[in-house]
>>> print(open('data09.json').read())   # JSON, C-alpha atoms
[["chain", "number", "residue", "atom", "x", "y", "z"],
["T", 1, "MET", "CA", 137.15, -77.26, -76.52],
["T", 2, "GLY", "CA", 138.42, -74.60, -74.16],
["T", 3, "VAL", "CA", 139.30, -70.93, -74.09],
["T", 4, "TYR", "CA", 142.13, -69.23, -75.95],
["T", 5, "HIS", "CA", 143.80, -66.52, -73.85],
["T", 6, "PHE", "CA", 145.48, -63.66, -75.74],
["T", 7, "MET", "CA", 148.25, -62.05, -73.68],
["T", 8, "GLY", "CA", 151.15, -59.66, -73.97],
["T", 9, "VAL", "CA", 154.51, -60.85, -72.66],
["T", 10, "GLY", "CA", 157.36, -58.71, -71.35],
["T", 11, "LYS", "CA", 160.01, -59.70, -68.81],
["T", 12, "SER", "CA", 157.56, -60.62, -66.06],
["T", 13, "VAL", "CA", 156.82, -64.35, -66.08],
["T", 14, "GLY", "CA", 154.07, -64.00, -63.49],
["T", 15, "ALA", "CA", 151.85, -61.84, -65.71],
["T", 16, "VAL", "CA", 151.15, -65.04, -67.64],
["T", 17, "THR", "CA", 151.64, -67.85, -65.13],
["T", 18, "CYS", "CA", 149.59, -66.20, -62.37],
["T", 19, "ALA", "CA", 146.66, -65.81, -64.76],
["T", 20, "VAL", "CA", 146.84, -69.49, -65.70],
["T", 21, "ASP", "CA", 147.24, -70.52, -62.05],
["T", 22, "TYR", "CA", 144.24, -68.40, -61.06],
["T", 23, "ILE", "CA", 142.00, -70.05, -63.66],
["T", 24, "GLU", "CA", 143.18, -73.50, -62.54],
["T", 25, "LYS", "CA", 142.50, -72.75, -58.87],
["T", 26, "ALA", "CA", 139.10, -71.25, -59.68],
["T", 27, "LEU", "CA", 138.16, -74.35, -61.66],
["T", 28, "ASP", "CA", 139.11, -76.48, -58.66],
["T", 29, "LEU", "CA", 136.64, -74.49, -56.56],
["T", 30, "ALA", "CA", 133.82, -74.45, -59.13],
["T", 31, "PRO", "CA", 132.08, -77.72, -58.14],
["T", 32, "ARG", "CA", 131.40, -76.41, -54.63],
["T", 33, "ASN", "CA", 131.29, -72.65, -55.17],
["T", 34, "LYS", "CA", 128.22, -71.17, -56.85],
["T", 35, "GLU", "CA", 129.84, -67.77, -57.41],
["T", 36, "VAL", "CA", 132.73, -69.32, -59.30],
["T", 37, "GLN", "CA", 130.29, -71.52, -61.24],
["T", 38, "LYS", "CA", 128.39, -68.40, -62.24],
["T", 39, "PHE", "CA", 131.62, -66.77, -63.40],
["T", 40, "PHE", "CA", 132.52, -69.67, -65.69],
["T", 41, "MET", "CA", 128.98, -69.99, -67.04],
["T", 42, "ARG", "CA", 129.79, -66.97, -69.22],
["T", 43, "SER", "CA", 132.36, -69.21, -70.91],
["T", 44, "GLY", "CA", 130.87, -71.61, -73.37],
["T", 45, "GLY", "CA", 130.81, -71.48, -77.12],
["T", 46, "ILE", "CA", 128.45, -73.70, -79.06],
["T", 47, "ARG", "CA", 131.15, -76.39, -79.28],
["T", 48, "HIS", "CA", 131.91, -76.40, -75.55],
["T", 49, "VAL", "CA", 130.76, -79.23, -73.34],
["T", 50, "GLU", "CA", 129.99, -78.50, -69.71],
["T", 51, "GLN", "CA", 133.29, -79.76, -68.33],
["T", 52, "ASP", "CA", 135.17, -77.41, -70.66],
["T", 53, "HIS", "CA", 133.65, -74.20, -69.30],
["T", 54, "GLY", "CA", 136.55, -71.98, -68.35],
["T", 55, "LYS", "CA", 139.24, -74.49, -69.26],
["T", 56, "ILE", "CA", 142.28, -72.97, -70.97],
["T", 57, "GLU", "CA", 143.00, -74.70, -74.25],
["T", 58, "ALA", "CA", 145.79, -72.44, -75.49],
["T", 59, "LEU", "CA", 147.76, -69.27, -74.87],
["T", 60, "VAL", "CA", 148.37, -66.81, -77.69],
["T", 61, "LEU", "CA", 151.36, -64.71, -76.67],
["T", 62, "PHE", "CA", 152.32, -61.40, -78.30],
["T", 63, "THR", "CA", 155.90, -60.42, -77.64],
["T", 64, "SER", "CA", 159.26, -59.40, -79.06],
["T", 65, "LYS", "CA", 161.69, -61.40, -81.17],
["T", 66, "GLU", "CA", 164.13, -61.41, -78.23],
["T", 67, "VAL", "CA", 161.62, -63.17, -75.98],
["T", 68, "ILE", "CA", 160.72, -65.75, -78.62],
["T", 69, "ASN", "CA", 164.37, -66.49, -79.39],
["T", 70, "LYS", "CA", 165.15, -66.87, -75.67],
["T", 71, "LYS", "CA", 167.57, -63.93, -75.71],
["T", 72, "LEU", "CA", 165.78, -61.80, -73.12],
["T", 73, "PRO", "CA", 166.29, -62.68, -69.43],
["T", 74, "ALA", "CA", 163.26, -62.65, -67.17],
["T", 75, "PHE", "CA", 162.84, -60.48, -64.11],
["T", 76, "SER", "CA", 163.73, -62.28, -60.90],
["T", 77, "TYR", "CA", 160.75, -63.84, -59.16],
["T", 78, "SER", "CA", 159.92, -65.69, -55.96],
["T", 79, "GLY", "CA", 162.27, -68.65, -55.62],
["T", 80, "CYS", "CA", 164.49, -67.60, -58.52],
["T", 81, "GLU", "CA", 166.96, -64.74, -58.10],
["T", 82, "LYS", "CA", 168.87, -65.47, -61.32],
["T", 83, "PRO", "CA", 166.32, -66.57, -63.90],
["T", 84, "GLY", "CA", 167.07, -67.64, -67.44],
["T", 85, "SER", "CA", 165.18, -66.48, -70.51],
["T", 86, "VAL", "CA", 161.59, -65.27, -70.27],
["T", 87, "ARG", "CA", 160.38, -68.05, -72.54],
["T", 88, "GLY", "CA", 162.30, -70.77, -70.73],
["T", 89, "GLU", "CA", 161.16, -69.67, -67.28],
["T", 90, "MET", "CA", 157.58, -69.31, -68.44],
["T", 91, "VAL", "CA", 157.40, -72.81, -69.88],
["T", 92, "ARG", "CA", 159.04, -74.27, -66.77],
["T", 93, "ASN", "CA", 156.50, -72.62, -64.47],
["T", 94, "LEU", "CA", 153.50, -73.31, -66.70],
["T", 95, "LYS", "CA", 154.23, -77.03, -66.41],
["T", 96, "LYS", "CA", 153.70, -76.64, -62.67],
["T", 97, "VAL", "CA", 150.49, -74.62, -62.69],
["T", 98, "TRP", "CA", 148.82, -75.96, -65.84],
["T", 99, "LYS", "CA", 147.26, -79.10, -64.44],
["T", 100, "ARG", "CA", 144.39, -79.79, -66.79],
["T", 101, "ALA", "CA", 146.38, -81.21, -69.68],
["T", 102, "ASP", "CA", 145.99, -84.43, -71.60],
["T", 103, "PRO", "CA", 149.43, -86.06, -71.12],
["T", 104, "ASP", "CA", 149.33, -87.34, -74.70],
["T", 105, "VAL", "CA", 148.39, -83.98, -76.21],
["T", 106, "GLY", "CA", 149.65, -81.30, -73.86],
["T", 107, "ARG", "CA", 148.75, -77.64, -74.13],
["T", 108, "LYS", "CA", 149.23, -75.21, -76.97],
["T", 109, "MET", "CA", 151.15, -71.95, -76.93],
["T", 110, "PHE", "CA", 151.25, -69.68, -79.96],
["T", 111, "TRP", "CA", 154.08, -67.15, -80.11],
["T", 112, "CYS", "CA", 153.36, -64.01, -82.13],
["T", 113, "GLU", "CA", 156.33, -61.76, -82.86],
["T", 114, "VAL", "CA", 155.48, -58.06, -82.81],
["T", 115, "ASP", "CA", 157.36, -54.78, -82.71],
["T", 116, "VAL", "CA", 156.65, -53.78, -79.12],
["T", 117, "ASP", "CA", 157.26, -50.10, -79.96],
["T", 118, "ASP", "CA", 154.88, -50.09, -82.93],
["T", 119, "TYR", "CA", 151.18, -50.04, -82.05],
["T", 120, "GLN", "CA", 150.16, -50.49, -85.69],
["T", 121, "ASP", "CA", 152.25, -53.65, -86.09],
["T", 122, "CYS", "CA", 150.76, -55.07, -82.88],
["T", 123, "PHE", "CA", 147.21, -54.19, -83.92],
["T", 124, "ASP", "CA", 147.53, -55.52, -87.47],
["T", 125, "LYS", "CA", 148.80, -58.92, -86.29],
["T", 126, "MET", "CA", 146.25, -59.20, -83.51],
["T", 127, "ILE", "CA", 143.43, -58.59, -85.97],
["T", 128, "ARG", "CA", 144.75, -61.37, -88.19],
["T", 129, "VAL", "CA", 145.22, -63.86, -85.35],
["T", 130, "ALA", "CA", 141.85, -63.01, -83.81],
["T", 131, "TYR", "CA", 140.08, -63.74, -87.09],
["T", 132, "ARG", "CA", 142.00, -66.99, -87.41],
["T", 133, "PHE", "CA", 140.64, -68.23, -84.07],
["T", 134, "SER", "CA", 137.37, -66.28, -84.20],
["T", 135, "PRO", "CA", 134.31, -67.90, -82.57],
["T", 136, "HIS", "CA", 132.56, -67.28, -85.90],
["T", 137, "GLY", "CA", 135.32, -68.75, -88.08],
["T", 138, "LYS", "CA", 136.55, -72.24, -88.88],
["T", 139, "GLN", "CA", 138.49, -72.55, -85.62],
["T", 140, "GLY", "CA", 135.53, -71.46, -83.50],
["T", 141, "LYS", "CA", 137.50, -70.57, -80.38],
["T", 142, "GLU", "CA", 136.34, -68.48, -77.46],
["T", 143, "ILE", "CA", 138.90, -65.73, -76.78],
["T", 144, "TRP", "CA", 139.71, -64.00, -73.51],
["T", 145, "CYS", "CA", 142.25, -61.17, -73.26],
["T", 146, "ASN", "CA", 144.70, -60.76, -70.38],
["T", 147, "LEU", "CA", 145.61, -57.05, -70.38],
["T", 148, "THR", "CA", 148.28, -57.34, -67.68],
["T", 149, "GLY", "CA", 151.62, -58.05, -69.35],
["T", 150, "GLY", "CA", 153.76, -56.76, -72.18],
["T", 151, "ALA", "CA", 154.47, -53.32, -73.57],
["T", 152, "ASN", "CA", 151.86, -50.56, -73.58],
["T", 153, "ALA", "CA", 151.47, -50.88, -77.36],
["T", 154, "ILE", "CA", 150.54, -54.55, -76.96],
["T", 155, "GLN", "CA", 147.97, -53.89, -74.24],
["T", 156, "LEU", "CA", 146.37, -51.03, -76.17],
["T", 157, "ALA", "CA", 146.32, -53.06, -79.39],
["T", 158, "LEU", "CA", 144.67, -56.00, -77.62],
["T", 159, "LEU", "CA", 141.96, -53.75, -76.25],
["T", 160, "SER", "CA", 141.47, -52.03, -79.61],
["T", 161, "MET", "CA", 141.24, -55.34, -81.47],
["T", 162, "ALA", "CA", 138.71, -56.74, -79.03],
["T", 163, "ARG", "CA", 136.46, -53.70, -78.89],
["T", 164, "LEU", "CA", 136.45, -52.95, -82.59],
["T", 165, "THR", "CA", 135.71, -56.54, -83.65],
["T", 166, "ALA", "CA", 133.82, -57.89, -80.59],
["T", 167, "ILE", "CA", 135.59, -61.20, -81.25],
["T", 168, "SER", "CA", 136.63, -61.19, -77.59],
["T", 169, "THR", "CA", 134.29, -59.85, -74.93],
["T", 170, "THR", "CA", 136.02, -61.05, -71.74],
["T", 171, "HIS", "CA", 139.04, -59.02, -70.65],
["T", 172, "TYR", "CA", 140.81, -59.12, -67.32],
["T", 173, "LEU", "CA", 143.73, -57.80, -65.29],
["T", 174, "ILE", "CA", 145.86, -59.53, -62.67],
["T", 175, "SER", "CA", 146.78, -57.33, -59.71],
["T", 176, "GLN", "CA", 150.26, -55.84, -59.96],
["T", 177, "ARG", "CA", 150.45, -54.42, -56.45],
["T", 178, "LYS", "CA", 153.99, -54.44, -55.09],
["T", 179, "ALA", "CA", 153.46, -57.43, -52.79],
["T", 180, "TYR", "CA", 152.46, -59.58, -55.78],
["T", 181, "GLN", "CA", 154.93, -58.46, -58.45],
["T", 182, "GLN", "CA", 157.39, -61.33, -57.99],
["T", 183, "ALA", "CA", 154.77, -64.06, -57.76],
["T", 184, "VAL", "CA", 154.50, -66.77, -60.43],
["T", 185, "GLU", "CA", 151.54, -68.42, -58.72],
["T", 186, "VAL", "CA", 148.49, -66.88, -57.06],
["T", 187, "PRO", "CA", 149.61, -65.61, -53.62],
["T", 188, "ALA", "CA", 148.36, -67.79, -50.76],
["T", 189, "GLU", "CA", 146.48, -64.89, -49.13],
["T", 190, "VAL", "CA", 144.24, -64.40, -52.16],
["T", 191, "ARG", "CA", 140.82, -65.96, -51.63],
["T", 192, "ILE", "CA", 139.63, -66.92, -55.11],
["T", 193, "HIS", "CA", 136.54, -64.92, -55.97],
["T", 194, "PRO", "CA", 136.67, -63.60, -59.55],
["T", 195, "ASN", "CA", 136.15, -59.86, -59.84],
["T", 196, "GLN", "CA", 135.69, -59.47, -56.09],
["T", 197, "ASP", "CA", 138.97, -60.60, -54.54],
["T", 198, "GLY", "CA", 141.01, -57.57, -55.63],
["T", 199, "TYR", "CA", 143.35, -59.84, -57.59],
["T", 200, "PHE", "CA", 141.54, -61.02, -60.72],
["T", 201, "ASN", "CA", 139.57, -58.12, -62.17],
["T", 202, "ILE", "CA", 137.24, -58.17, -65.16],
["T", 203, "VAL", "CA", 137.39, -55.12, -67.43],
["T", 204, "PRO", "CA", 133.85, -54.15, -68.55],
["T", 205, "PHE", "CA", 133.25, -54.73, -72.25],
["T", 206, "PHE", "CA", 131.97, -51.91, -74.41],
["T", 207, "LYS", "CA", 131.70, -52.45, -78.14],
["T", 208, "PHE", "CA", 133.19, -49.53, -80.02],
["T", 209, "SER", "CA", 131.54, -48.61, -83.28],
["T", 210, "LEU", "CA", 133.62, -46.37, -85.49],
["T", 211, "ASP", "CA", 131.40, -43.87, -87.22],
["T", 212, "THR", "CA", 133.46, -44.52, -90.29],
["T", 213, "LEU", "CA", 130.53, -44.37, -92.68],
["T", 214, "GLY", "CA", 129.42, -40.97, -91.42],
["T", 215, "PHE", "CA", 132.92, -39.53, -91.48],
["T", 216, "TYR", "CA", 133.55, -41.00, -94.90],
["T", 217, "ASP", "CA", 130.37, -39.57, -96.40],
["T", 218, "ILE", "CA", 131.03, -36.11, -94.99],
["T", 219, "LEU", "CA", 134.68, -35.93, -96.04],
["T", 220, "ALA", "CA", 133.85, -37.27, -99.50],
["T", 221, "GLU", "CA", 131.55, -34.25, -100.03],
["T", 222, "LEU", "CA", 134.21, -31.71, -99.04],
["T", 223, "ASN", "CA", 136.30, -31.69, -102.21],
["T", 224, "GLN", "CA", 135.37, -28.01, -102.49],
["T", 225, "PRO", "CA", 134.24, -25.40, -99.91],
["T", 226, "VAL", "CA", 130.63, -25.80, -98.82],
["T", 227, "THR", "CA", 128.47, -24.35, -96.05],
["T", 228, "THR", "CA", 127.26, -26.58, -93.25],
["T", 229, "SER", "CA", 123.66, -26.13, -94.33],
["T", 230, "GLU", "CA", 124.35, -27.01, -97.96],
["T", 231, "LEU", "CA", 126.50, -29.99, -96.92],
["T", 232, "LEU", "CA", 123.73, -31.41, -94.73],
["T", 233, "ASN", "CA", 121.15, -30.91, -97.52],
["T", 234, "ARG", "CA", 123.39, -32.82, -99.95],
["T", 235, "LEU", "CA", 123.78, -35.69, -97.52],
["T", 236, "LYS", "CA", 120.05, -35.81, -96.78],
["T", 237, "GLY", "CA", 119.50, -35.98, -100.53],
["T", 238, "LYS", "CA", 121.46, -39.25, -100.33],
["T", 239, "GLN", "CA", 119.21, -40.45, -97.48],
["T", 240, "LEU", "CA", 121.88, -39.78, -94.85],
["T", 241, "PHE", "CA", 121.58, -37.92, -91.50],
["T", 242, "LEU", "CA", 117.82, -37.60, -92.09],
["T", 243, "ASP", "CA", 117.07, -37.13, -88.38],
["T", 244, "SER", "CA", 119.76, -34.51, -87.76],
["T", 245, "THR", "CA", 119.10, -30.81, -87.43],
["T", 246, "GLU", "CA", 121.80, -28.47, -88.67],
["T", 247, "GLU", "CA", 122.80, -27.67, -85.08],
["T", 248, "GLU", "CA", 123.06, -31.36, -84.13],
["T", 249, "PHE", "CA", 124.97, -32.16, -87.31],
["T", 250, "ALA", "CA", 127.46, -29.37, -86.67],
["T", 251, "ARG", "CA", 127.97, -30.40, -83.05],
["T", 252, "GLN", "CA", 128.15, -34.17, -83.48],
["T", 253, "TYR", "CA", 130.14, -34.34, -86.71],
["T", 254, "MET", "CA", 131.58, -31.11, -88.03],
["T", 255, "LEU", "CA", 133.11, -30.01, -84.72],
["T", 256, "LYS", "CA", 134.69, -33.44, -84.27],
["T", 257, "LEU", "CA", 136.17, -33.44, -87.76],
["T", 258, "TYR", "CA", 137.49, -29.92, -87.28],
["T", 259, "GLY", "CA", 138.94, -30.82, -83.88],
["T", 260, "LEU", "CA", 140.75, -33.76, -85.44],
["T", 261, "GLY", "CA", 142.24, -31.45, -88.06],
["T", 262, "TYR", "CA", 140.45, -33.23, -90.91],
["T", 263, "THR", "CA", 138.57, -30.12, -92.08],
["T", 264, "THR", "CA", 139.13, -26.39, -92.31],
["T", 265, "TYR", "CA", 136.48, -23.81, -91.39],
["T", 266, "SER", "CA", 136.32, -20.22, -92.57],
["T", 267, "GLY", "CA", 134.24, -18.90, -89.65],
["T", 268, "LYS", "CA", 130.62, -18.06, -88.96],
["T", 269, "LYS", "CA", 130.36, -15.25, -91.53],
["T", 270, "THR", "CA", 130.99, -17.44, -94.55],
["T", 271, "ASP", "CA", 130.54, -20.82, -92.81],
["T", 272, "LEU", "CA", 132.62, -22.72, -95.36],
["T", 273, "ASN", "CA", 133.95, -26.20, -94.65],
["T", 274, "GLU", "CA", 136.62, -27.98, -96.68],
["T", 275, "ILE", "CA", 138.64, -31.16, -96.28],
["T", 276, "SER", "CA", 142.22, -30.60, -95.10],
["T", 277, "GLU", "CA", 145.36, -32.40, -96.26],
["T", 278, "LEU", "CA", 145.29, -34.41, -93.03],
["T", 279, "GLY", "CA", 141.64, -35.25, -93.64],
["T", 280, "MET", "CA", 142.48, -36.52, -97.12],
["T", 281, "GLU", "CA", 145.21, -38.74, -95.68],
["T", 282, "PHE", "CA", 142.78, -40.07, -93.09],
["T", 283, "LEU", "CA", 140.11, -40.71, -95.70],
["T", 284, "VAL", "CA", 142.37, -42.59, -98.09],
["T", 285, "ASP", "CA", 145.04, -44.16, -95.88],
["T", 286, "GLU", "CA", 143.59, -44.73, -92.44],
["T", 287, "LEU", "CA", 139.81, -45.01, -92.61],
["T", 288, "LEU", "CA", 139.54, -47.24, -95.65],
["T", 289, "GLU", "CA", 142.52, -49.32, -94.53],
["T", 290, "LEU", "CA", 140.97, -49.93, -91.11],
["T", 291, "GLU", "CA", 137.68, -50.96, -92.66],
["T", 292, "ARG", "CA", 139.60, -53.36, -94.91],
["T", 293, "LYS", "CA", 141.38, -54.93, -91.94],
["T", 294, "LEU", "CA", 138.17, -55.34, -89.99],
["T", 295, "SER", "CA", 136.49, -57.18, -92.87],
["T", 296, "GLN", "CA", 139.21, -59.58, -94.06],
["T", 297, "ARG", "CA", 138.16, -62.65, -92.08],
["T", 298, "GLU", "CA", 138.30, -65.28, -94.81],
["T", 299, "ALA", "CA", 141.58, -64.04, -96.23],
["T", 300, "ASN", "CA", 143.17, -64.21, -92.77],
["T", 301, "GLU", "CA", 142.08, -67.79, -92.21],
["T", 302, "VAL", "CA", 143.58, -68.85, -95.52],
["T", 303, "LYS", "CA", 146.91, -67.09, -95.10],
["T", 304, "SER", "CA", 147.57, -67.72, -91.41],
["T", 305, "GLY", "CA", 149.83, -70.69, -92.11],
["T", 306, "GLU", "CA", 152.18, -68.46, -94.06],
["T", 307, "TRP", "CA", 152.98, -66.07, -91.21],
["T", 308, "GLU", "CA", 156.68, -66.19, -90.40],
["T", 309, "TRP", "CA", 155.97, -64.29, -87.17],
["T", 310, "PHE", "CA", 153.54, -66.93, -85.86],
["T", 311, "THR", "CA", 154.79, -70.20, -84.32],
["T", 312, "GLU", "CA", 153.26, -72.95, -82.20],
["T", 313, "GLU", "CA", 154.72, -74.73, -79.20],
["T", 314, "LYS", "CA", 153.24, -77.61, -77.21],
["T", 315, "ILE", "CA", 153.81, -78.19, -73.52],
["T", 316, "GLY", "CA", 153.61, -81.90, -72.76]]
>>> encode(input="data09.json", output="structure tokens")
Amino acid sequence: MGVYHFMGVGKSVGAVTCAVDYIEKALDLAPRNKEVQKFFMRSGGIRHVEQDHGKIEALVLFTSKEVINKKLPAFSYSGCEKPGSVRGEMVRNLKKVWKRADPDVGRKMFWCEVDVDDYQDCFDKMIRVAYRFSPHGKQGKEIWCNLTGGANAIQLALLSMARLTAISTTHYLISQRKAYQQAVEVPAEVRIHPNQDGYFNIVPFFKFSLDTLGFYDILAELNQPVTTSELLNRLKGKQLFLDSTEEEFARQYMLKLYGLGYTTYSGKKTDLNEISELGMEFLVDELLELERKLSQREANEVKSGEWEWFTEEKIG
């Protein structure tokens, strides 16, 4: 058992291959480098054995149809001025840097087709794939996220998926400074030292908790104009916001909802709050839909084999 790396893919081959090469080189150093050993100690699900700590088992690549169908040429890179397709060049270079492979089994690559200009499409598919491989699901995979490559929508969706579900807690970036942009392997001058060498950088993990329940309960009470005081009393009658004063409630919730355009406010004299048309759309279409997506683990595991946008490739 090893780690599954979720990554976005654009036209830069190195955004993927350099990450793989870095992990391979770090693993080579681990037996004699305590700092690297410490770094990989954070990797280890309940099904991992010691020699699998940090080992890449598969790549899960989110990209466009053109990349998957080999119709998009890669950017030129060191040693290749006229590259072929992104997918072809990536596979060719991964065979060079991906050393820890069983010759009879090879390595896995999963290609996930997304609309690179549609954040929602990227996010929806990432949620599904993450639950398929979730450490808590049937697959039981540890997931790391490479936030370096691909379109902005892909990178943002990866981060959103990880921080809303906490399925993946290790996220990293590969340096894109000008001197490194054409590299497909870790530059020779980089001294491998994860998160301290200026090349491989860990992004701190912070679990986001959507205050969906609080927003939902407030908006659900605003089907007719109501003062802030009366609204809070109603909610406390339902055993909600019991520790909030009216001032805290107004500052922490009502001002946020008003700032988002989800409520209307008549002013201090009458102090009447009411749900807006945008708030109703959020309540019905966005909030409940997001909660549904974040809680559909079993359904995703069952249906994953039916995804036409999800294919597997093995590198022997």
>>> closest_residue(input="data09.json", among="T:Leu27, T:Leu283, T:Pro187, T:Asn223", to="Ile174 of chain T", atoms="only C-alpha atoms")
T:Pro187
>>> residues_around(input="data09.json", residues="segment 242-258 of chain T", least_positions_apart="4", cutoff="9 Å", atoms="all atoms listed in the file", output="list in words")
Gly214, Phe215, Ile218, Leu219, Thr228, Ser229, Leu232, Leu235, Lys236, Gly237, Tyr262, Thr263, Thr264, Tyr265, Asn273 and Gly279 of chain T
>>> residues_around(input="data09.json", residues="Gly10 of chain T", least_positions_apart="2", cutoff="8 Å", atoms="only C-alpha atoms", output="number ranges by chain")
T: 8, 12-13, 63-64, 67, 86, 149-151
>>> atom_distance(input="data09.json", atom1="atom CA of Phe40 of chain T", atom2="atom CA of Ile315 of chain T")
24.2 Å
>>> atom_distance(input="data09.json", atom1="atom CA of Arg234 of chain T", atom2="atom CA of Leu222 of chain T")
10.9 Å
>>> closest_residue(input="data09.json", among="T:Gly54, T:Met7, T:Cys112, T:Glu281", to="Glu308 of chain T", atoms="all atoms listed in the file")
T:Cys112
>>> residues_around(input="data09.json", residues="Val36 of chain T", least_positions_apart="6", cutoff="10 Å", atoms="all atoms listed in the file", output="list in words")
Ala26, Leu27, Asp28, Leu29, Ala30, Ile192, His193 and Pro194 of chain T
>>> closest_residue(input="data09.json", among="T:Ile275, T:Thr311, T:Phe200, T:Lys268", to="Gln224 of chain T", atoms="all atoms listed in the file")
T:Ile275
>>> build_atoms(input="data09.json", residues="segment 244-260 of chain T", atoms="N, CA and C atoms", output="PDB file, keeping the file's coordinate frame")
ATOM      1  N   SER T 244     118.910 -35.534 -88.370  1.00  0.00           N
ATOM      2  CA  SER T 244     119.760 -34.510 -87.760  1.00  0.00           C
ATOM      3  C   SER T 244     119.312 -33.107 -88.140  1.00  0.00           C
ATOM      4  N   THR T 245     119.268 -32.230 -87.142  1.00  0.00           N
ATOM      5  CA  THR T 245     119.100 -30.810 -87.430  1.00  0.00           C
ATOM      6  C   THR T 245     120.479 -30.258 -87.782  1.00  0.00           C
ATOM      7  N   GLU T 246     120.513 -29.054 -88.329  1.00  0.00           N
ATOM      8  CA  GLU T 246     121.800 -28.470 -88.670  1.00  0.00           C
ATOM      9  C   GLU T 246     122.671 -28.270 -87.431  1.00  0.00           C
ATOM     10  N   GLU T 247     122.043 -27.873 -86.323  1.00  0.00           N
ATOM     11  CA  GLU T 247     122.800 -27.670 -85.080  1.00  0.00           C
ATOM     12  C   GLU T 247     123.383 -28.984 -84.568  1.00  0.00           C
ATOM     13  N   GLU T 248     122.580 -30.055 -84.582  1.00  0.00           N
ATOM     14  CA  GLU T 248     123.060 -31.360 -84.130  1.00  0.00           C
ATOM     15  C   GLU T 248     124.166 -31.881 -85.044  1.00  0.00           C
ATOM     16  N   PHE T 249     123.983 -31.706 -86.334  1.00  0.00           N
ATOM     17  CA  PHE T 249     124.970 -32.160 -87.310  1.00  0.00           C
ATOM     18  C   PHE T 249     126.307 -31.446 -87.101  1.00  0.00           C
ATOM     19  N   ALA T 250     126.234 -30.148 -86.876  1.00  0.00           N
ATOM     20  CA  ALA T 250     127.460 -29.370 -86.670  1.00  0.00           C
ATOM     21  C   ALA T 250     128.162 -29.804 -85.386  1.00  0.00           C
ATOM     22  N   ARG T 251     127.383 -30.054 -84.337  1.00  0.00           N
ATOM     23  CA  ARG T 251     127.970 -30.400 -83.050  1.00  0.00           C
ATOM     24  C   ARG T 251     128.517 -31.826 -83.035  1.00  0.00           C
ATOM     25  N   GLN T 252     127.770 -32.765 -83.577  1.00  0.00           N
ATOM     26  CA  GLN T 252     128.150 -34.170 -83.480  1.00  0.00           C
ATOM     27  C   GLN T 252     129.185 -34.595 -84.512  1.00  0.00           C
ATOM     28  N   TYR T 253     129.235 -33.902 -85.652  1.00  0.00           N
ATOM     29  CA  TYR T 253     130.140 -34.340 -86.710  1.00  0.00           C
ATOM     30  C   TYR T 253     131.158 -33.280 -87.115  1.00  0.00           C
ATOM     31  N   MET T 254     130.674 -32.102 -87.473  1.00  0.00           N
ATOM     32  CA  MET T 254     131.580 -31.110 -88.030  1.00  0.00           C
ATOM     33  C   MET T 254     132.604 -30.621 -86.996  1.00  0.00           C
ATOM     34  N   LEU T 255     132.164 -30.439 -85.755  1.00  0.00           N
ATOM     35  CA  LEU T 255     133.110 -30.010 -84.720  1.00  0.00           C
ATOM     36  C   LEU T 255     134.157 -31.086 -84.439  1.00  0.00           C
ATOM     37  N   LYS T 256     133.732 -32.348 -84.481  1.00  0.00           N
ATOM     38  CA  LYS T 256     134.690 -33.440 -84.270  1.00  0.00           C
ATOM     39  C   LYS T 256     135.714 -33.492 -85.392  1.00  0.00           C
ATOM     40  N   LEU T 257     135.258 -33.383 -86.618  1.00  0.00           N
ATOM     41  CA  LEU T 257     136.170 -33.440 -87.760  1.00  0.00           C
ATOM     42  C   LEU T 257     137.132 -32.253 -87.750  1.00  0.00           C
ATOM     43  N   TYR T 258     136.627 -31.093 -87.364  1.00  0.00           N
ATOM     44  CA  TYR T 258     137.490 -29.920 -87.280  1.00  0.00           C
ATOM     45  C   TYR T 258     138.510 -30.084 -86.147  1.00  0.00           C
ATOM     46  N   GLY T 259     138.046 -30.611 -85.008  1.00  0.00           N
ATOM     47  CA  GLY T 259     138.940 -30.820 -83.880  1.00  0.00           C
ATOM     48  C   GLY T 259     140.033 -31.818 -84.181  1.00  0.00           C
ATOM     49  N   LEU T 260     139.750 -32.776 -85.045  1.00  0.00           N
ATOM     50  CA  LEU T 260     140.750 -33.760 -85.440  1.00  0.00           C
ATOM     51  C   LEU T 260     141.721 -33.211 -86.489  1.00  0.00           C
TER      52      LEU T 260
END
